[in-house]
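A short worksheet on the structure shown next.
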Amino acid sequence: MRRQGSLLALVTAVAGAVVIASTAPSALAATSAVVFTTCADAPTFGCGHLSVPLDPAHVVPGDVSLAIRRELSATGAASTAVVALAGGPGQAALPFAADDAQILAPALANDDLVVFDQRGTGYSGALKCSALSSLTSPVSDVIPQCAMQIGGTRGLYTTDDSVADIEAIRVALGYTKLILYGTSYGTKVALRYAAQYPNNVAGLILDSTVTPNGPDIFDQSTYAAVPGILAQLCSTHACPAIPDPTSDLQKVLTRLASSPVKATYIDGSGKKFKLPITADDIASVLLAGDEDPSLRADFPAAISSAAGGQYALLAVLVAHAVYGAVPNTTVDNPLFFNTECEELPFPWTRTDQPAQRAAEALAYAKSLPAGTFGPFSYLTAYQESSAGACAYWPFLSAAPETQITALPNVPTLIISGADDLRTPTSNALAVAAMIPDATVVVVPQTGHSVLTTEFGSCAKNAVDAFLGGTAIATTCAPRAMPAYLKTAAAAPASLAVLNPLSGIQGSAGRTARAFELTLAWTSRELSESLFETLIGSYNPAYGSGLGGLHGGFAKLATATTTLRSTIKFHHFSYIPGLTISGSISNGVGRLTIGGSRAAAGALVATKANDFSGKLGGVAVHFAISTAKLTALTASVTAFAASFAR
């Protein structure tokens, strides 16, 4: 899966897109069997179509029209092309053509860039089935109905069919060799092409690698990577008061094995809901964190609180990542199930009845050794896989795809996000072991689809060096992360466990500390909501308000002319027994403190984040570091400015 645009560009709120100017004489030059016309929305690209056999073996009649975009090299007469492949299966590639041109810019000096929607996606005959739009019908009805709606050609949308299409494009466009650049599922397509047509491959660039025979049926490599990635998130004392997030996760999962927990979730208007949380939901949050670093950063604190019996923080993550997930409109779901069901080696006999196939798959998952799925159970692995759906798929392929046992030793760059669960680094290393001269670059603080989600430029520099034939730096230095994306601190269970704020004794000091922590958490959550809105993720706090963990709500408003940001608190409670009401604008304002455990009073800031007043009758004065209050000061203005543009 890929996100359009660079995450680094989004975080730094860069205005305007970088345009790669083509120095080719014309986007339409060069001789080929495809007629290209200038793309109306991208004049450096030529747009065309190539008709290929629906059945590469020529048994089933019919054709597929592949939608292609091509940007020519500076010479206009390249014999090699870079072919960019999207993820999924089911993600169209043409929407990413401009991004590909930026990422692969050094190649355009001598090589053409070719981007095409794989068969069954985008403008290459996207598969349709209305059955998948049903949210209430059982999978045993939906999946066979979808297969029937696709029809008798559904066995012809496998990875190897796309491999045959790539070869047809190479021949039709007259290229001697190809460099294949794939992201996620696109890496599997690239690797299987290399295995079948080794003499036609000049190089491979693999970002977030799926092995040539992958993905794992039950995502074993994903679950096995969970403890290591949680340890990475909390390394170098990054998780204060959270010594072992994996142990916390195991404790929560053991508790949930008997029944879901119904956690209290408070929305942006202060309304309370009972939110059921299951082990599957926690797995979904972790996977969503592959492409949303704010979820990654918040997870250790949330699971630590849940281990202690407080589920409010975890409920916030589940509400965002599971119940409020933004539908992925870039993936053709019929194609996804069509490809996975037809080609993957599920542990069943294809001629068995659907219910029997499902039982065989579940029994196989249960039979795997303890620890196969990290801290999760075989049941979660089964339920989160496509096995339960594909058991009801009426197969047209006689057997799964042929297993790849060898890959050509072609120039290969493999890029992996150190925090990627979807396609963990173990996948990258497994492929590198099959290609002796492959170079692996592991990028820290990064999840899935590295080249569009890294905060620095390490992966992009590696691509530039690979394409330019210079030495590749294989070690990436950690980056300084924004405060709202650093790993969150544990949430206090009560005021009583807090140390008083420096210089203020007793209940007033503990209340002042709780006040500081409440503002810090509020600012973090609001900053995250703005960030997630920028990257196309879901966080209701941006538009609808932020619910407190224990009651009340807060709302952020930013004036479009002055960019002055105001947060209004309504009996907002982050720590039990303390509430905040009032408003603060760019760190200045008046807030009232109440609650059954707090030293009640009022605090006024006449300059940013510098508070004076009385708490429990005790006069206090303290300043809160702006580093802790990112949303209450400058960063909210910076974010607002990026939206105003």
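By order of appearance in the structure tokens: chains A, B, ..., then residues from 1 within every chain, and ligands from 1 in the order shown.
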
Among range 41-103 of chain A, which ones does DSSP place in helix (DSSP H, G or I), written as a list in words? Leu94, Pro95, Phe96, Ala97, Ala98, Asp99, Asp100, Ala101, Gln102 and Ile103 of chain A

Give me a file of those residues, with C-alpha atoms, as a PDB file, in the first residue's frame.
```
ATOM      1  CA  LEU A  94      -1.698   5.609 -12.113  1.00  0.00           C
ATOM      2  CA  PRO A  95      -2.641   7.904  -9.190  1.00  0.00           C
ATOM      3  CA  PHE A  96       0.961   7.543  -7.985  1.00  0.00           C
ATOM      4  CA  ALA A  97       2.651   8.347 -11.303  1.00  0.00           C
ATOM      5  CA  ALA A  98       3.738  11.859 -10.275  1.00  0.00           C
ATOM      6  CA  ASP A  99       5.117  10.538  -6.968  1.00  0.00           C
ATOM      7  CA  ASP A 100       6.975   7.816  -8.841  1.00  0.00           C
ATOM      8  CA  ALA A 101       8.549  10.431 -11.113  1.00  0.00           C
ATOM      9  CA  GLN A 102       9.872  12.279  -8.066  1.00  0.00           C
ATOM     10  CA  ILE A 103      11.135   9.172  -6.299  1.00  0.00           C
TER      11      ILE A 103
END
```

Enumerate as a list in words all residues of range 72-172 of chain A assigned to strand (DSSP E) by DSSP on the backbone, naming them with the chain letters and numbers the document uses. Thr80, Ala81, Val82, Val83, Ala84, Leu85, Asp112, Leu113, Val114, Val115 and Phe116 of chain A

Suppose we keep C-alpha atoms; can you now write the selection as a compact mmCIF listing (two decimals), in the first residue's frame?
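And here's result-v8.txt as it stands now:
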```txt
# COMPACT_ATOMS: atom_id res chain seq x y z
CA THR A 80 15.49 0.47 -20.48
CA ALA A 81 12.42 1.50 -18.50
CA VAL A 82 11.64 1.66 -14.81
CA VAL A 83 8.25 0.04 -14.20
CA ALA A 84 6.50 1.24 -11.01
CA LEU A 85 4.16 -1.23 -9.32
CA ASP A 112 11.90 5.88 -19.28
CA LEU A 113 9.33 5.59 -16.51
CA VAL A 114 6.33 3.34 -17.12
CA VAL A 115 3.35 3.19 -14.76
CA PHE A 116 0.27 1.07 -15.42
```

Nearest to Pro106 in chain A, restricted to only C-alpha atoms and choosing among A:Ala599, A:Leu495, A:Ala608, A:Ala465, comes out as A:Ala465

note - CA of Lys568 in chain A and CA of Ser583 in chain A are separated by 4.2 Å

Across A:Gly616, A:Pro408, A:Gly87, A:Pro227, the smallest distance to Val201 in chain A, with only C-alpha atoms counted, is shown by A:Pro408

For this session: Quick one: everything within 9 Å of Val331 in chain A, counting only C-alpha atoms, minus sequence neighbours fewer than 6 positions away in the same chain. Send it as an MDAnalysis selection string.
Result: chainID A and resid 1 87:92 121:122

Residue with smallest distance to Gly309 in chain A - pool A:Leu256, A:Val226, A:Leu335, A:Leu204, counting only C-alpha atoms: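 Of A:Leu256, A:Val226, A:Leu335, A:Leu204, the one nearest Gly309 in chain A is A:Leu256, counting only C-alpha atoms.
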
Using only C-alpha atoms, the shortest atom-to-atom distance to Ser527 in chain A among A:Val620, A:Leu485, A:Ala241, A:Ala224 belongs to A:Leu485

From the list A:Thr75, A:Pro375, A:Ile169, A:Thr592, the nearest residue to Ala33 in chain A using only C-alpha atoms is A:Ile169

field: Of the listed residues A:Asn461, A:Thr487, A:Thr351, A:Gln149, that which approaches Ile415 in chain A most closely, counting only C-alpha atoms
entry: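 Comparing A:Asn461, A:Thr487, A:Thr351, A:Gln149 against Ile415 in chain A, the winner is A:Asn461.
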
TODO: Provide the CA of Glu291 in chain A to CA of Ala387 in chain A distance in Å, to one decimal place.
DONE: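 We find that CA of Glu291 in chain A and CA of Ala387 in chain A lie 23.7 Å from each other.
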